[in-house]
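A.B. asks: This is the structure, below, for whatever I ask next.
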Amino acid sequence: MAANDAGDTMPKPMFETAALVGTGVIGRSWSRVFVRGGCRVRLYDPDPEQAKRALRWFHEDVALDVREGLVTKDDEALWRDRVSAHADLREALTGAGYVQESGPERLDLKRAIYQTMDAAAEPDAILASSTSALDVNEFADRVKGGWRCITAHPVNPPHIVPLVEIQSSRVTKPEVQQKTVEFLAHCGQKPVVLKRYINGFLLNRIQAAVVREAFHLAESGVADAEAIDSVIKDGLALRWAFIGNFGANHLNAPEGIGQYFGRYADAYRSMIGDLNNEPPAFEKDMMSRIAREIGMGENEEDVKRMSQWRDRMIVRLKALKKDHPRP
Ligand SMILES: NC(=O)c1ccc[n+]([C@@H]2O[C@H](COP(=O)([O-])OP(=O)(O)OC[C@H]3O[C@@H](n4cnc5c(N)ncnc54)[C@H](O)[C@@H]3O)[C@@H](O)[C@H]2O)c1
């Protein structure tokens, strides 16, 4: 049985125990994914206070879901029992069949962490990395157990947004990739496999294309930031959430994508040729202007409040998608 969003059943785990190495924003969120998949979850961070904070975050976040009616009281008790913080790496990795590394995004640190994890983990444990941009080949090549190293790049926060980008290294065994995909799907995620490394993987490249043009339009005064965001929220993303980009292209003409681009390829060529190639300056004043125009405060409390609302809405949208699969 696969995990469900409401979390009201306890699936049989594919791995009895999963371990998290690095328990910041991403690591702590993975704890909810793996517990949803039925695992016991061990949290390790070289800063033991951080692992304890992550455990507290887990308790508070599950309690919030109980208040929202998304998790039952029984599951809350069961889940609390399954997650623990550890000050010792070897202790955290003992018995773990799957390890998710979410340490800082620095190649030298990832290499060091992988050396340590490879030495301390169970001999057949999978060592997956949350890296947003690094090439797994750069650290898998240097450890004895390179065959079990793989990238599993989540979207923040992984327990809310299901997509995970999977990239194997040159030496990763095919069965490691297969098991990783199966395990993450079992935990309620949506893994997609890249056939080779590319800077930014798929998600951040597509996001970068949108960021580049959104900033260009705002900076050049074509429209204010709220109007530009409305194009996404009230236009493009409503379709994207159900059918994606190519799906949207396909449904834009009675006979599908071939007919659509038969009609509009010249217009797209002209617009693509017209796109600004300069990266945005990302100046502070511009950021403040954008925050003001989209009506969001820049202090931590406001950002937290909006993030919590976003997460609740995404959970509801996922439930809608699940209840209405594509025909
Ligand atoms: N934040 C995002 O939006 C996002 C999204 C997807 C992927 N990622 C990736 O996830 C990883 C973690 O990012 P984050 O945003 O959670 O960072 P973060 O700074 O919140 O957390 C990093 C954690 O790593 C710990 N750490 C430091 N040295 C370590 C070591 N040697 N071994 C193990 N842990 C160590 C820190 O104490 C900290 O708790 C990065 O690789 C990042 O690129 C981040």
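The way I read the labels, and the way they are meant: chains A, B, ... in the order of the structure tokens, residue 1 as the first residue of every chain, and ligand 1 as the first ligand shown, with later ones counted on from there.
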Residues within 10 Å of segment 234-245 of chain A, please, as a ChimeraX atom specification. Count only C-alpha atoms; anything in the same chain fewer than 2 positions from it doesn't count.
C.D. replies: /A:227,229-232,247-251,317-318,321,325-326
A.B. asks: Save out the residues we just selected, C-alpha atoms, as a CSV table (one decimal), in the first residue's frame.
C.D. replies:
```csv
chain,number,residue,atom,x,y,z
A,227,ALA,CA,0.1,41.5,-12.7
A,229,ASP,CA,2.3,36.8,-10.9
A,230,SER,CA,-1.4,36.9,-11.8
A,231,VAL,CA,-0.4,35.6,-15.3
A,232,ILE,CA,1.0,32.5,-13.5
A,247,GLY,CA,-0.1,19.1,-22.4
A,248,ALA,CA,-1.2,22.8,-22.4
A,249,ASN,CA,0.3,23.2,-25.9
A,250,HIS,CA,-1.4,20.1,-27.1
A,251,LEU,CA,-4.9,21.2,-25.9
A,317,LEU,CA,-4.9,20.8,-4.7
A,318,LYS,CA,-3.1,17.4,-4.5
A,321,LYS,CA,-5.9,15.8,-8.4
A,325,PRO,CA,-7.3,11.4,-12.3
A,326,ARG,CA,-6.9,12.4,-15.9
```
A.B. asks: Would you kindly return, as a list in words, each protein, DNA or RNA residue with an atom no farther than 12 Å from any atom of segment 289-300 of chain A, considering only C-alpha atoms and excluding same-chain residues fewer than 4 positions away?
C.D. replies: Ala214, Phe215, Leu217, Ala218, Glu219, Gly221, Ala223, Asp224, Ala225, Glu226, Ala227, Ile228, Asp229, Ser230, Lys233, Phe282, Glu283, Lys284, Asp285, Lys304, Arg305, Met306 and Ser307 of chain A
A.B. asks: Produce as a VMD selection string the set of residues near ligand 1, where near means within 6 Å with only C-alpha atoms and all ligand atoms considered.
C.D. replies: chain A and resid 21 to 27 45 to 47 50 102 to 105 109 113 130 to 132 153 to 156
A.B. asks: Atoms to include: C-alpha atoms. Write the selected residues as a compact mmCIF listing (two decimals), in the first residue's frame.
C.D. replies:
```txt
# COMPACT_ATOMS: atom_id res chain seq x y z
CA VAL A 21 22.05 13.38 7.32
CA GLY A 22 21.67 17.16 7.65
CA THR A 23 18.39 18.30 9.19
CA GLY A 24 17.89 21.89 8.03
CA VAL A 25 14.91 23.11 5.98
CA ILE A 26 15.03 20.17 3.57
CA GLY A 27 16.19 17.37 5.88
CA ASP A 45 23.14 16.62 12.12
CA PRO A 46 26.71 17.51 13.16
CA ASP A 47 25.03 20.24 15.20
CA GLN A 50 19.81 21.33 14.96
CA SER A 102 20.74 17.19 2.98
CA GLY A 103 23.94 18.94 4.05
CA PRO A 104 25.15 22.32 2.76
CA GLU A 105 25.33 22.84 -1.00
CA LEU A 109 31.44 19.28 2.02
CA ILE A 113 30.01 13.79 3.93
CA SER A 130 19.22 16.35 -1.96
CA THR A 131 21.71 18.48 -3.93
CA SER A 132 20.01 21.22 -5.98
CA HIS A 153 16.62 16.39 -5.59
CA PRO A 154 13.36 17.47 -3.92
CA VAL A 155 11.27 20.60 -4.21
CA ASN A 156 10.89 22.65 -1.04
```
A.B. asks: Of the candidates A:Asn137, A:Thr172, A:Thr180, A:Thr72, which shows the shortest atom-to-atom distance to Ala18 of chain A, using only C-alpha atoms?
C.D. replies: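 Ranked by minimum distance to Ala18 of chain A, first place goes to A:Thr180.
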A.B. asks: Within 12 Å of Arg56 of chain A, counting only C-alpha atoms, which residues qualify if same-chain residues fewer than 3 places away don't, as a VMD selection string?
C.D. replies: chain A and resid 23 28 to 29 31 43 49 to 53 59 to 63 80 83 to 85
A.B. asks: Select from segment 17-225 of chain A everything DSSP, run on the backbone, classes as strand (DSSP E or B), then give the selection as a PyMOL selection string.
C.D. replies: chain A and resi 17-21+40-44+83-86+98-101+126-129+149-154+163-168+190-193
A.B. asks: In Å to one decimal, how far is atom CA of Gly37 of chain A from atom CA of Val161 of chain A?
C.D. replies: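 These atoms are spaced 15.1 Å apart.
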A.B. asks: Report, in Å to a single decimal, how far apart atom CA of Arg310 of chain A and atom CA of Lys12 of chain A are.
C.D. replies: 29.7 Å
